[in-house]
>>> print(open('target.txt').read())   # compact mmCIF, C-alpha atoms (C1' of nucleotides)
# COMPACT_ATOMS: atom_id res chain seq x y z
CA MET N 1 1.96 0.64 4.19
CA LYS N 2 2.74 -1.99 1.65
CA LEU N 3 4.27 -2.35 -1.72
CA SER N 4 2.12 -4.21 -4.20
CA SER N 5 3.31 -7.47 -5.61
CA ARG N 6 4.16 -5.71 -8.85
CA GLY N 7 7.00 -3.83 -7.27
CA HIS N 8 8.17 -6.89 -5.47
CA TYR N 9 8.07 -9.16 -8.51
CA GLY N 10 9.44 -6.45 -10.73
CA LEU N 11 12.53 -5.95 -8.66
CA MET N 12 13.08 -9.69 -8.49
CA ALA N 13 12.80 -9.96 -12.25
CA ILE N 14 15.08 -7.08 -13.10
CA THR N 15 17.60 -8.23 -10.53
CA TYR N 16 17.59 -11.59 -12.24
CA LEU N 17 18.30 -9.89 -15.54
CA ALA N 18 21.13 -7.97 -13.94
CA GLN N 19 22.70 -11.20 -12.77
CA LYS N 20 22.43 -12.71 -16.24
CA ALA N 21 23.51 -9.56 -18.01
CA SER N 22 26.26 -11.29 -19.94
CA ASP N 23 23.91 -13.87 -21.45
CA GLY N 24 21.80 -12.97 -24.46
CA PRO N 25 18.21 -11.88 -24.12
CA ILE N 26 16.32 -13.90 -21.52
CA PRO N 27 12.79 -15.08 -22.29
CA ILE N 28 10.10 -14.20 -19.87
CA LYS N 29 9.40 -17.86 -19.37
CA VAL N 30 12.85 -18.33 -17.89
CA ILE N 31 12.59 -15.41 -15.51
CA ALA N 32 9.16 -16.48 -14.40
CA ALA N 33 10.30 -20.03 -13.70
CA ALA N 34 13.46 -18.97 -11.89
CA GLU N 35 11.77 -16.43 -9.67
CA GLU N 36 8.49 -18.28 -9.31
CA ILE N 37 6.36 -15.52 -10.71
CA PRO N 38 3.18 -16.27 -12.69
CA GLU N 39 4.28 -15.92 -16.25
CA GLN N 40 1.34 -14.00 -17.63
CA TYR N 41 1.41 -11.67 -14.73
CA LEU N 42 5.08 -11.01 -15.19
CA GLU N 43 4.39 -10.08 -18.78
CA GLN N 44 2.20 -7.24 -17.61
CA ILE N 45 4.78 -6.08 -15.16
CA ILE N 46 7.66 -6.16 -17.54
CA VAL N 47 5.74 -4.05 -20.02
CA ASP N 48 5.97 -1.19 -17.58
CA LEU N 49 9.66 -1.75 -17.08
CA ARG N 50 10.14 -1.63 -20.82
CA ARG N 51 8.10 1.54 -21.19
CA ALA N 52 10.30 3.12 -18.57
CA GLY N 53 13.36 2.09 -20.54
CA LEU N 54 14.65 -0.07 -17.72
CA VAL N 55 14.66 -3.18 -19.87
CA THR N 56 14.71 -3.66 -23.61
CA SER N 57 13.01 -6.42 -25.52
CA VAL N 58 14.08 -8.53 -28.45
CA ARG N 59 11.11 -9.88 -30.31
CA GLY N 60 10.69 -13.12 -32.15
CA ALA N 61 12.25 -16.50 -31.69
CA ARG N 62 15.32 -16.42 -29.47
CA GLY N 63 14.16 -13.10 -28.19
CA GLY N 64 13.72 -12.03 -24.63
CA TYR N 65 14.66 -9.20 -22.32
CA LYS N 66 17.86 -7.45 -21.37
CA LEU N 67 18.68 -4.62 -19.04
CA GLY N 68 18.16 -1.22 -20.58
CA HIS N 69 21.23 0.19 -18.84
CA PRO N 70 24.19 -1.14 -16.92
CA PRO N 71 23.30 -2.30 -13.41
CA GLU N 72 25.05 0.65 -11.80
CA GLN N 73 22.72 2.98 -13.61
CA ILE N 74 19.44 1.43 -12.58
CA ASN N 75 18.19 2.06 -9.09
CA VAL N 76 15.34 0.63 -7.10
CA GLY N 77 13.52 3.94 -7.05
CA GLN N 78 13.19 3.84 -10.81
CA VAL N 79 11.81 0.34 -10.72
CA VAL N 80 9.29 1.10 -8.04
CA LYS N 81 8.21 4.30 -9.69
CA ALA N 82 7.72 2.53 -13.01
CA LEU N 83 5.58 -0.15 -11.44
CA GLU N 84 3.66 1.61 -8.73
CA GLY N 85 3.64 5.21 -9.76
CA GLU N 86 4.95 7.97 -7.63
CA ILE N 87 5.81 7.15 -4.07
CA ALA N 88 3.39 9.01 -1.84
CA PRO N 89 2.31 7.69 1.54
CA VAL N 90 -0.88 9.76 1.43
CA GLU N 91 -3.03 11.14 -1.36
CA CYS N 92 -2.23 14.75 -0.51
CA LEU N 93 1.28 14.23 -1.69
CA HIS N 94 0.65 13.31 -5.28
CA SER N 95 2.24 15.99 -7.33
CA GLN N 96 -0.65 18.30 -7.96
CA GLU N 97 1.27 21.44 -8.66
CA ASP N 98 -1.92 22.93 -10.02
CA THR N 99 -4.03 22.65 -6.90
CA PRO N 100 -1.55 23.75 -4.27
CA GLU N 101 -3.40 22.72 -1.15
CA ALA N 102 -6.60 21.31 -2.52
CA CYS N 103 -6.54 18.11 -0.55
CA CYS N 104 -6.36 18.86 3.14
CA SER N 105 -9.08 21.42 2.99
CA LYS N 106 -7.95 23.02 6.17
CA THR N 107 -4.90 24.51 4.54
CA ASP N 108 -2.48 25.37 7.32
CA ASN N 109 -4.35 23.38 9.87
CA CYS N 110 -3.03 20.24 8.27
CA LYS N 111 0.07 20.03 10.38
CA THR N 112 0.59 16.40 9.65
CA LYS N 113 1.42 16.87 6.01
CA VAL N 114 5.08 17.59 6.70
CA VAL N 115 5.35 14.24 8.40
CA TRP N 116 4.35 12.39 5.27
CA GLU N 117 6.51 14.62 3.15
CA LYS N 118 9.47 13.80 5.28
CA LEU N 119 8.66 10.12 5.14
CA ARG N 120 8.28 10.20 1.39
CA ASP N 121 11.53 12.09 0.89
CA THR N 122 13.38 9.61 3.03
CA MET N 123 11.91 6.65 1.22
CA VAL N 124 12.76 8.10 -2.15
CA ALA N 125 16.29 8.83 -1.02
CA VAL N 126 16.82 5.29 0.17
CA LEU N 127 15.39 3.67 -2.93
CA ASP N 128 17.18 5.98 -5.33
CA ASP N 129 20.44 5.21 -3.62
CA ILE N 130 20.32 1.47 -4.18
CA THR N 131 21.34 0.25 -7.63
CA LEU N 132 21.02 -3.16 -9.14
CA HIS N 133 24.76 -3.38 -8.92
CA ASP N 134 24.51 -2.93 -5.16
CA ILE N 135 22.00 -5.73 -4.98
CA ILE N 136 23.87 -8.31 -7.00
CA THR N 137 27.19 -7.60 -5.33
CA GLY N 138 25.66 -7.51 -1.87
CA SER N 139 26.97 -4.02 -1.25
CA SER N 140 27.73 -3.09 2.33
CA LYS N 141 25.26 -0.30 1.73
CA LEU N 142 22.63 -2.97 2.18
CA THR N 143 24.10 -5.27 4.74
CA LEU N 144 25.36 -3.04 7.48
CA HIS N 145 22.77 -0.99 9.18
CA ALA N 146 24.48 2.31 9.50
CA GLU N 147 22.61 5.02 11.29
CA SER N 148 24.12 8.34 10.33
CA MET K 1 3.09 2.22 -1.30
CA LYS K 2 0.38 4.00 0.57
CA LEU K 3 -0.81 4.52 4.03
CA SER K 4 -4.46 3.76 4.56
CA SER K 5 -6.81 6.49 5.60
CA ARG K 6 -6.78 5.12 9.12
CA GLY K 7 -3.22 6.14 9.67
CA HIS K 8 -3.81 9.48 8.06
CA TYR K 9 -6.95 10.28 10.02
CA GLY K 10 -5.51 8.85 13.18
CA LEU K 11 -2.50 11.10 13.15
CA MET K 12 -4.69 14.10 12.42
CA ALA K 13 -6.92 13.24 15.33
CA ILE K 14 -4.21 12.64 17.86
CA THR K 15 -2.38 15.74 16.74
CA TYR K 16 -5.56 17.66 17.35
CA LEU K 17 -5.70 16.24 20.85
CA ALA K 18 -2.11 17.22 21.42
CA GLN K 19 -2.90 20.79 20.49
CA LYS K 20 -5.83 20.87 22.88
CA ALA K 21 -4.02 19.05 25.62
CA SER K 22 -4.77 21.71 28.21
CA ASP K 23 -8.53 21.53 27.66
CA GLY K 24 -10.55 18.81 29.28
CA PRO K 25 -11.49 15.64 27.45
CA ILE K 26 -12.52 16.30 23.84
CA PRO K 27 -15.57 14.51 22.44
CA ILE K 28 -15.11 12.57 19.25
CA LYS K 29 -17.74 14.74 17.65
CA VAL K 30 -15.53 17.78 18.05
CA ILE K 31 -12.44 16.12 16.63
CA ALA K 32 -14.38 14.75 13.70
CA ALA K 33 -15.85 18.13 12.88
CA ALA K 34 -12.57 19.97 13.23
CA GLU K 35 -10.57 17.56 11.14
CA GLU K 36 -13.36 16.66 8.74
CA ILE K 37 -13.31 12.97 9.48
CA PRO K 38 -16.50 10.87 9.34
CA GLU K 39 -17.49 10.60 12.95
CA GLN K 40 -18.44 6.95 13.04
CA TYR K 41 -15.32 6.02 11.21
CA LEU K 42 -13.17 7.98 13.61
CA GLU K 43 -14.75 6.06 16.45
CA GLN K 44 -13.34 2.87 15.04
CA ILE K 45 -9.95 4.38 14.60
CA ILE K 46 -9.70 5.90 18.01
CA VAL K 47 -10.53 2.58 19.59
CA ASP K 48 -7.20 1.29 18.35
CA LEU K 49 -5.41 4.33 19.69
CA ARG K 50 -6.98 3.75 23.05
CA ARG K 51 -6.07 0.07 23.08
CA ALA K 52 -2.50 1.08 22.38
CA GLY K 53 -2.62 3.45 25.31
CA LEU K 54 -1.97 6.47 23.14
CA VAL K 55 -5.20 8.13 24.18
CA THR K 56 -7.41 7.67 27.20
CA SER K 57 -11.15 7.99 27.28
CA VAL K 58 -13.54 9.52 29.73
CA ARG K 59 -16.96 8.01 29.43
CA GLY K 60 -20.34 9.52 29.97
CA ALA K 61 -21.59 13.04 29.58
CA ARG K 62 -18.78 15.60 29.33
CA GLY K 63 -16.48 12.77 28.48
CA GLY K 64 -14.16 12.54 25.55
CA TYR K 65 -10.57 11.74 24.78
CA LYS K 66 -7.22 12.95 26.04
CA LEU K 67 -3.66 12.06 25.21
CA GLY K 68 -2.39 9.01 27.01
CA HIS K 69 1.05 10.56 27.44
CA PRO K 70 2.67 13.95 27.05
CA PRO K 71 3.20 14.93 23.41
CA GLU K 72 6.96 14.46 23.64
CA GLN K 73 6.42 10.82 24.51
CA ILE K 74 4.17 9.88 21.64
CA ASN K 75 5.73 9.37 18.26
CA VAL K 76 4.27 8.84 14.83
CA GLY K 77 5.64 5.33 14.62
CA GLN K 78 3.49 4.30 17.55
CA VAL K 79 0.42 5.79 15.98
CA VAL K 80 0.98 4.14 12.63
CA LYS K 81 1.78 0.82 14.21
CA ALA K 82 -1.38 0.96 16.30
CA LEU K 83 -3.54 1.69 13.28
CA GLU K 84 -1.94 -0.23 10.46
CA GLY K 85 0.01 -2.94 12.14
CA GLU K 86 3.66 -3.48 11.66
CA ILE K 87 5.37 -1.51 8.96
CA ALA K 88 6.54 -3.93 6.31
CA PRO K 89 6.80 -3.01 2.66
CA VAL K 90 6.50 -6.64 1.60
CA GLU K 91 4.92 -9.70 3.13
CA CYS K 92 8.23 -11.46 3.65
CA LEU K 93 9.11 -8.98 6.32
CA HIS K 94 6.32 -9.59 8.75
CA SER K 95 7.90 -10.85 11.90
CA GLN K 96 7.67 -14.56 11.42
CA GLU K 97 10.48 -15.60 13.69
CA ASP K 98 9.15 -19.10 13.57
CA THR K 99 9.42 -19.66 9.81
CA PRO K 100 12.82 -18.16 9.17
CA GLU K 101 12.76 -17.94 5.40
CA ALA K 102 9.42 -19.43 4.57
CA CYS K 103 8.27 -16.74 2.23
CA CYS K 104 10.79 -16.25 -0.55
CA SER K 105 11.04 -19.93 -1.22
CA LYS K 106 14.32 -19.55 -2.97
CA THR K 107 16.10 -18.85 0.29
CA ASP K 108 19.37 -17.19 -0.57
CA ASN K 109 18.33 -16.46 -4.12
CA CYS K 110 16.06 -13.76 -2.80
CA LYS K 111 18.60 -11.00 -3.03
CA THR K 112 15.99 -8.31 -2.97
CA LYS K 113 14.91 -8.90 0.57
CA VAL K 114 17.65 -6.74 2.03
CA VAL K 115 16.35 -3.84 0.00
CA TRP K 116 12.97 -3.98 1.66
CA GLU K 117 14.54 -4.53 5.03
CA LYS K 118 16.59 -1.43 4.60
CA LEU K 119 13.56 0.50 3.45
CA ARG K 120 11.54 -0.67 6.40
CA ASP K 121 14.25 0.15 8.89
CA THR K 122 14.58 3.62 7.48
CA MET K 123 10.87 4.23 7.56
CA VAL K 124 10.60 3.04 11.12
CA ALA K 125 13.50 5.23 12.16
CA VAL K 126 11.94 8.31 10.61
CA LEU K 127 8.52 7.73 12.09
CA ASP K 128 9.81 6.82 15.52
CA ASP K 129 11.85 9.98 15.57
CA ILE K 130 8.93 12.36 15.11
CA THR K 131 6.87 13.12 18.21
CA LEU K 132 3.59 14.91 18.51
CA HIS K 133 5.50 17.68 20.17
CA ASP K 134 7.59 18.06 17.04
CA ILE K 135 4.46 18.30 14.97
CA ILE K 136 2.64 20.90 16.97
CA THR K 137 5.69 23.07 17.44
CA GLY K 138 6.72 22.76 13.80
CA SER K 139 10.11 21.37 14.75
CA SER K 140 12.96 22.05 12.37
CA LYS K 141 13.30 18.29 12.25
CA LEU K 142 10.32 18.42 9.96
CA THR K 143 10.79 21.59 8.03
CA LEU K 144 14.37 21.55 6.90
CA HIS K 145 15.25 18.80 4.54
CA ALA K 146 18.62 17.78 5.80
CA GLU K 147 20.39 15.17 3.74
CA SER K 148 23.07 13.71 5.90
C1' DC X 1 -33.93 10.55 34.93
C1' DT X 2 -31.99 12.08 30.96
C1' DA X 3 -28.85 13.57 27.71
C1' DA X 4 -24.23 13.25 26.29
C1' DT X 5 -20.79 10.47 25.45
C1' DC X 6 -18.00 6.29 24.73
C1' DT X 7 -18.21 1.09 23.13
C1' DT X 8 -19.12 -2.72 20.28
C1' DG X 9 -20.19 -5.48 16.53
C1' DA X 10 -22.36 -6.32 12.41
C1' DC X 11 -23.12 -4.71 7.93
C1' DT X 12 -22.40 -2.86 2.96
C1' DG X 13 -20.49 -1.28 -1.18
C1' DT X 14 -16.79 0.06 -4.12
C1' DG X 15 -12.25 -0.33 -5.87
C1' DT X 16 -7.99 -2.34 -6.55
C1' DG X 17 -4.79 -5.87 -6.53
C1' DA X 18 -3.59 -10.26 -8.38
C1' DG X 19 -3.90 -13.14 -11.73
C1' DT X 20 -5.95 -15.48 -16.14
C1' DC X 21 -7.29 -15.90 -20.99
C1' DA X 22 -7.17 -15.39 -25.78
C1' DG X 23 -5.36 -13.83 -29.66
C1' DG X 24 -2.21 -11.04 -32.57
C1' DA X 25 2.56 -9.32 -34.18
C1' DT X 26 7.41 -10.21 -34.99
C1' DT X 27 11.44 -12.80 -36.18
C1' DA X 28 15.05 -16.76 -36.18
C1' DT X 29 15.73 -21.02 -38.22
C1' DG X 30 15.47 -24.94 -41.25
C1' DC T 1 8.19 -20.23 -47.10
C1' DA T 2 6.51 -22.51 -42.87
C1' DT T 3 6.85 -22.96 -38.25
C1' DA T 4 7.88 -22.33 -33.67
C1' DA T 5 9.38 -19.23 -30.30
C1' DT T 6 8.85 -15.22 -28.44
C1' DC T 7 7.01 -10.59 -27.34
C1' DC T 8 2.65 -7.64 -27.15
C1' DT T 9 -2.07 -6.18 -26.01
C1' DG T 10 -6.39 -5.83 -24.04
C1' DA T 11 -10.21 -7.67 -21.97
C1' DC T 12 -11.72 -10.37 -18.29
C1' DT T 13 -12.57 -12.51 -13.46
C1' DC T 14 -12.41 -13.02 -8.61
C1' DA T 15 -11.60 -12.21 -3.91
C1' DC T 16 -10.47 -9.24 -0.38
C1' DA T 17 -9.56 -5.08 2.09
C1' DC T 18 -10.63 -0.43 2.70
C1' DA T 19 -13.80 3.15 3.83
C1' DG T 20 -17.64 4.09 5.78
C1' DT T 21 -22.51 3.28 7.86
C1' DC T 22 -25.95 1.49 11.10
C1' DA T 23 -27.87 0.12 15.30
C1' DA T 24 -27.87 -0.75 19.94
C1' DG T 25 -25.70 -0.95 24.41
C1' DA T 26 -22.88 0.85 28.62
C1' DT T 27 -21.43 4.93 31.51
C1' DT T 28 -21.72 9.00 33.82
C1' DA T 29 -22.53 14.30 34.64
C1' DG T 30 -26.04 17.29 35.87
>>> encode(input="target.txt", output="structure tokens")
Amino acid sequence: MKLSSRGHYGLMAITYLAQKASDGPIPIKVIAAAEEIPEQYLEQIIVDLRRAGLVTSVRGARGGYKLGHPPEQINVGQVVKALEGEIAPVECLHSQEDTPEACCSKTDNCKTKVVWEKLRDTMVAVLDDITLHDIITGSSKLTLHAES
Amino acid sequence: MKLSSRGHYGLMAITYLAQKASDGPIPIKVIAAAEEIPEQYLEQIIVDLRRAGLVTSVRGARGGYKLGHPPEQINVGQVVKALEGEIAPVECLHSQEDTPEACCSKTDNCKTKVVWEKLRDTMVAVLDDITLHDIITGSSKLTLHAES
DNA sequence: CTAATCTTGACTGTGTGAGTCAGGATTATG
DNA sequence: CATAATCCTGACTCACACAGTCAAGATTAG
């Protein structure tokens, strides 16, 4: 039940960009050094963030990366989805609208599916609710552990 | 962000036991056939459930497995923890009380940690809240998607 | 005694995650 | 224009964990 390092690194990197949003474009080298992420590996990761529109790149000398949107408009769910694909604790849950119940062959016998659906929905809700702005300001959303 | 097949199979198996709770001990062979789990693999998995006290075994001919507690007293969190270890979306979060901040070397710079903590806490809360009884009765807890 | 069952540990193979390497494309700057 | 700084791309390696198998032993009902 683990995130891969891509999601972890990716969030670190984009959070760093959010903190430096007022500066010009930040070279990958700088992010990598600051967050202690292997530079070449970070390149791969940031490609996916760019493709998802979460960061934008400026090529050439003095280039680098900037946030694609203001920090309030980027949430952790987007980052994780861009880097790890859809959140789905078990295979069955990958959006296969075509094959309605193809996975758990036993159709209705698979009583456990709802458990993973519920888990997934909760995870998505949590991640979608946290923005980069929340992270860099240390929003109470993150610090106090409110149980509804 | 995936569960391994152990957790998936394990929950299926123990849910099956919960449904057959009134029967005598159920042989692994029967569970494996019913839930379409490789028998030898299920053996491995169920060992961990037994060690955690979630199921009990009856050895010898006419033996098999039974629930270790009534279905209301076994929750999904226990099952997952028994089979996959502690739930922790990123390494940093494994209970290392000894090395307080050893992982994210940058100590307070690691602003993203709280995100994963929050995620973990939420996941644990969800899983701990769902019992086998909820699963076999199709509790509304699982079916309606209440957003607080 | 024997067959049914759990119990244990070693074993294998495949895939993915994590990271590296090498080279090409783009652009600011002097 | 030349050069250096940067992004961009794809192929590559390596180790490890996951998923599953195999084989043999211990227990017990009948």
>>> closest_atom_pairs(input="target.txt", of="chain K", to="chain X", cutoff="9 Å", atoms="all atoms listed in the file", output="Markdown table")
| residue | atom | partner | partner_atom | distance |
| --- | --- | --- | --- | --- |
| K:Pro27 | CA | X:DT5 | C1' | 7.3 |
| K:Ile28 | CA | X:DT5 | C1' | 8.7 |
| K:Glu43 | CA | X:DC6 | C1' | 8.9 |
| K:Val47 | CA | X:DT7 | C1' | 8.6 |
| K:Ser57 | CA | X:DC6 | C1' | 7.5 |
| K:Val58 | CA | X:DC6 | C1' | 7.4 |
| K:Arg59 | CA | X:DC6 | C1' | 5.1 |
| K:Gly60 | CA | X:DT5 | C1' | 4.6 |
| K:Ala61 | CA | X:DA4 | C1' | 4.2 |
| K:Arg62 | CA | X:DA4 | C1' | 6.7 |
| K:Gly63 | CA | X:DT5 | C1' | 5.7 |
| K:Gly64 | CA | X:DT5 | C1' | 6.9 |
>>> closest_atom_pairs(input="target.txt", of="chain T", to="chain N", cutoff="9 Å", atoms="all atoms listed in the file", output="JSON lines")
{"residue": "T:DA4", "atom": "C1'", "partner": "N:Ala61", "partner_atom": "CA", "distance": 7.6}
{"residue": "T:DA5", "atom": "C1'", "partner": "N:Ala61", "partner_atom": "CA", "distance": 4.2}
{"residue": "T:DT6", "atom": "C1'", "partner": "N:Gly60", "partner_atom": "CA", "distance": 4.6}
{"residue": "T:DC7", "atom": "C1'", "partner": "N:Arg59", "partner_atom": "CA", "distance": 5.1}
{"residue": "T:DC8", "atom": "C1'", "partner": "N:Val47", "partner_atom": "CA", "distance": 8.6}
>>> closest_atom_pairs(input="target.txt", of="chain K", to="chain N", cutoff="9 Å", atoms="only C-alpha atoms", output="tab-separated table")
residue	atom	partner	partner_atom	distance
K:Met1	CA	N:Leu3	CA	4.7
K:Lys2	CA	N:Pro89	CA	4.3
K:Leu3	CA	N:Met1	CA	4.8
K:Ser4	CA	N:Met1	CA	7.1
K:Ser5	CA	N:Val90	CA	8.0
K:His8	CA	N:Val90	CA	7.3
K:Leu11	CA	N:Thr112	CA	7.1
K:Met12	CA	N:Thr112	CA	6.4
K:Thr15	CA	N:Thr112	CA	7.7
K:Ala34	CA	N:Lys106	CA	9.0
K:Glu35	CA	N:Lys106	CA	7.8
K:Glu36	CA	N:Ser105	CA	8.6
K:Val76	CA	N:Val115	CA	8.5
K:Glu84	CA	N:Met1	CA	7.4
K:Gly85	CA	N:Met1	CA	8.9
K:Glu86	CA	N:Met1	CA	8.7
K:Ile87	CA	N:Met1	CA	6.2
K:Ala88	CA	N:Lys2	CA	6.3
K:Pro89	CA	N:Lys2	CA	4.3
K:Val90	CA	N:Leu3	CA	5.9
K:Glu91	CA	N:Lys2	CA	8.1
K:Ser105	CA	N:Glu36	CA	8.6
K:Lys106	CA	N:Glu35	CA	7.8
K:Asn109	CA	N:Glu35	CA	8.6
K:Cys110	CA	N:Met12	CA	7.6
K:Lys111	CA	N:Ile135	CA	6.6
K:Thr112	CA	N:Met12	CA	6.4
K:Val114	CA	N:Leu142	CA	6.2
K:Val115	CA	N:Leu142	CA	6.7
K:Glu117	CA	N:Leu142	CA	8.7
K:Lys118	CA	N:Leu142	CA	6.7
K:Leu119	CA	N:Val126	CA	6.7
K:Arg120	CA	N:Met123	CA	9.0
K:Asp121	CA	N:His145	CA	8.6
K:Thr122	CA	N:Met123	CA	7.4
K:Met123	CA	N:Leu119	CA	6.7
K:Val126	CA	N:Leu119	CA	6.6
K:Leu127	CA	N:Leu119	CA	7.4
K:Ile130	CA	N:Val115	CA	7.8
K:Ile135	CA	N:Lys111	CA	6.6
K:Ile136	CA	N:Lys111	CA	7.1
K:Gly138	CA	N:Lys111	CA	8.0
K:Leu142	CA	N:Val114	CA	6.2
K:Thr143	CA	N:Val114	CA	7.1
K:His145	CA	N:Lys118	CA	7.7
K:Glu147	CA	N:Ala125	CA	8.9
K:Ser148	CA	N:Ser148	CA	7.0
>>> axis_aligned_box(input="target.txt", around="region 53-64 of chain N", padding_each_side="5 Å", output="lines of an AutoDock Vina configuration file")
center_x = 13.0
center_y = -7.2
center_z = -24.9
size_x = 14.6
size_y = 28.6
size_z = 24.4
>>> closest_residue(input="target.txt", among="K:Pro38, K:Pro71, K:Gly10, K:Gly77", to="Ser22 (chain K)", atoms="all atoms listed in the file")
K:Pro71
>>> decode(input="target.txt", residues="region 9-26 of chain T", atoms="N, CA, C and O atoms (P, O5', C5', C4', C3', O3' and C1' of nucleotides)", output="compact mmCIF listing (two decimals), in the first residue's frame")
# COMPACT_ATOMS: atom_id res chain seq x y z
P DT T 9 9.71 15.73 -25.16
O5' DT T 9 10.55 14.42 -25.47
C5' DT T 9 11.48 14.45 -26.55
C4' DT T 9 12.25 13.17 -26.60
C3' DT T 9 11.50 11.96 -26.05
O3' DT T 9 11.21 11.12 -27.15
C1' DT T 9 13.78 12.00 -25.32
P DG T 10 10.33 9.77 -26.93
O5' DG T 10 11.48 8.67 -26.93
C5' DG T 10 12.55 8.78 -27.85
C4' DG T 10 13.61 7.77 -27.49
C3' DG T 10 13.03 6.44 -26.99
O3' DG T 10 13.82 5.38 -27.51
C1' DG T 10 14.51 7.29 -25.39
P DA T 11 13.25 3.88 -27.43
O5' DA T 11 14.60 3.08 -27.24
C5' DA T 11 15.82 3.63 -27.75
C4' DA T 11 16.95 3.34 -26.77
C3' DA T 11 16.91 1.90 -26.23
O3' DA T 11 18.20 1.33 -26.34
C1' DA T 11 17.07 3.44 -24.46
P DC T 12 18.38 -0.26 -26.16
O5' DC T 12 19.03 -0.35 -24.72
C5' DC T 12 20.20 0.41 -24.42
C4' DC T 12 20.40 0.48 -22.91
C3' DC T 12 20.20 -0.86 -22.19
O3' DC T 12 21.48 -1.46 -21.97
C1' DC T 12 19.32 1.02 -20.97
P DT T 13 21.52 -2.96 -21.33
O5' DT T 13 21.65 -2.66 -19.76
C5' DT T 13 22.59 -1.69 -19.31
C4' DT T 13 22.45 -1.54 -17.80
C3' DT T 13 22.40 -2.86 -17.04
O3' DT T 13 23.28 -2.76 -15.94
C1' DT T 13 20.58 -1.51 -16.42
P DC T 14 23.95 -4.08 -15.33
O5' DC T 14 23.63 -3.98 -13.78
C5' DC T 14 23.27 -2.71 -13.21
C4' DC T 14 22.24 -2.91 -12.12
C3' DC T 14 22.19 -4.35 -11.58
O3' DC T 14 22.49 -4.27 -10.19
C1' DC T 14 20.01 -3.51 -12.01
P DA T 15 22.76 -5.63 -9.37
O5' DA T 15 21.68 -5.48 -8.21
C5' DA T 15 21.37 -4.18 -7.74
C4' DA T 15 19.99 -4.16 -7.13
C3' DA T 15 19.69 -5.37 -6.24
O3' DA T 15 19.07 -4.88 -5.07
C1' DA T 15 18.03 -5.17 -7.91
P DC T 16 18.95 -5.82 -3.79
O5' DC T 16 17.41 -5.71 -3.43
C5' DC T 16 16.70 -4.53 -3.82
C4' DC T 16 15.27 -4.89 -4.08
C3' DC T 16 14.75 -6.00 -3.16
O3' DC T 16 13.57 -5.52 -2.58
C1' DC T 16 14.20 -6.47 -5.43
P DA T 17 12.99 -6.19 -1.25
O5' DA T 17 11.44 -6.23 -1.62
C5' DA T 17 10.90 -5.18 -2.41
C4' DA T 17 9.71 -5.68 -3.18
C3' DA T 17 8.82 -6.62 -2.37
O3' DA T 17 7.48 -6.36 -2.75
C1' DA T 17 9.57 -7.71 -4.32
P DC T 18 6.31 -6.87 -1.84
O5' DC T 18 5.27 -7.35 -2.93
C5' DC T 18 5.28 -6.73 -4.22
C4' DC T 18 4.86 -7.73 -5.27
C3' DC T 18 3.74 -8.67 -4.81
O3' DC T 18 2.75 -8.61 -5.80
C1' DC T 18 5.53 -9.91 -5.75
P DA T 19 1.34 -9.30 -5.52
O5' DA T 19 1.49 -10.70 -6.25
C5' DA T 19 1.75 -10.71 -7.64
C4' DA T 19 1.91 -12.13 -8.12
C3' DA T 19 0.88 -13.10 -7.54
O3' DA T 19 0.34 -13.84 -8.62
C1' DA T 19 3.08 -13.91 -7.18
P DG T 20 -0.88 -14.80 -8.35
O5' DG T 20 -0.12 -16.18 -8.22
C5' DG T 20 0.71 -16.57 -9.31
C4' DG T 20 1.65 -17.65 -8.86
C3' DG T 20 0.99 -18.87 -8.23
O3' DG T 20 0.97 -19.90 -9.21
C1' DG T 20 3.11 -18.33 -7.28
P DT T 21 0.54 -21.38 -8.78
O5' DT T 21 1.96 -22.07 -8.55
C5' DT T 21 2.96 -21.92 -9.53
C4' DT T 21 4.16 -22.79 -9.17
C3' DT T 21 3.80 -24.24 -8.86
O3' DT T 21 4.70 -25.06 -9.59
C1' DT T 21 5.08 -23.31 -7.08
P DC T 22 4.43 -26.66 -9.65
O5' DC T 22 5.42 -27.20 -8.54
C5' DC T 22 6.65 -26.50 -8.34
C4' DC T 22 7.53 -27.24 -7.35
C3' DC T 22 7.10 -28.66 -7.01
O3' DC T 22 8.26 -29.47 -6.98
C1' DC T 22 7.23 -27.39 -5.02
P DA T 23 8.08 -31.07 -6.88
O5' DA T 23 8.55 -31.30 -5.38
C5' DA T 23 9.62 -30.52 -4.86
C4' DA T 23 9.83 -30.85 -3.40
C3' DA T 23 9.38 -32.26 -3.01
O3' DA T 23 10.30 -32.76 -2.05
C1' DA T 23 8.27 -30.69 -1.68
P DA T 24 10.31 -34.33 -1.67
O5' DA T 24 10.16 -34.24 -0.09
C5' DA T 24 10.94 -33.28 0.61
C4' DA T 24 10.30 -32.99 1.94
C3' DA T 24 9.82 -34.25 2.67
O3' DA T 24 10.24 -34.15 4.01
C1' DA T 24 8.13 -32.66 2.62
P DG T 25 10.25 -35.49 4.91
O5' DG T 25 9.58 -34.91 6.23
C5' DG T 25 10.06 -33.68 6.78
C4' DG T 25 8.97 -33.02 7.58
C3' DG T 25 8.35 -33.94 8.63
O3' DG T 25 8.51 -33.33 9.91
C1' DG T 25 6.68 -32.83 7.36
P DA T 26 8.00 -34.14 11.21
O5' DA T 26 6.60 -33.45 11.49
C5' DA T 26 6.58 -32.10 11.98
C4' DA T 26 5.14 -31.75 12.35
C3' DA T 26 4.53 -32.66 13.42
O3' DA T 26 3.74 -31.84 14.25
C1' DA T 26 3.21 -32.74 11.47
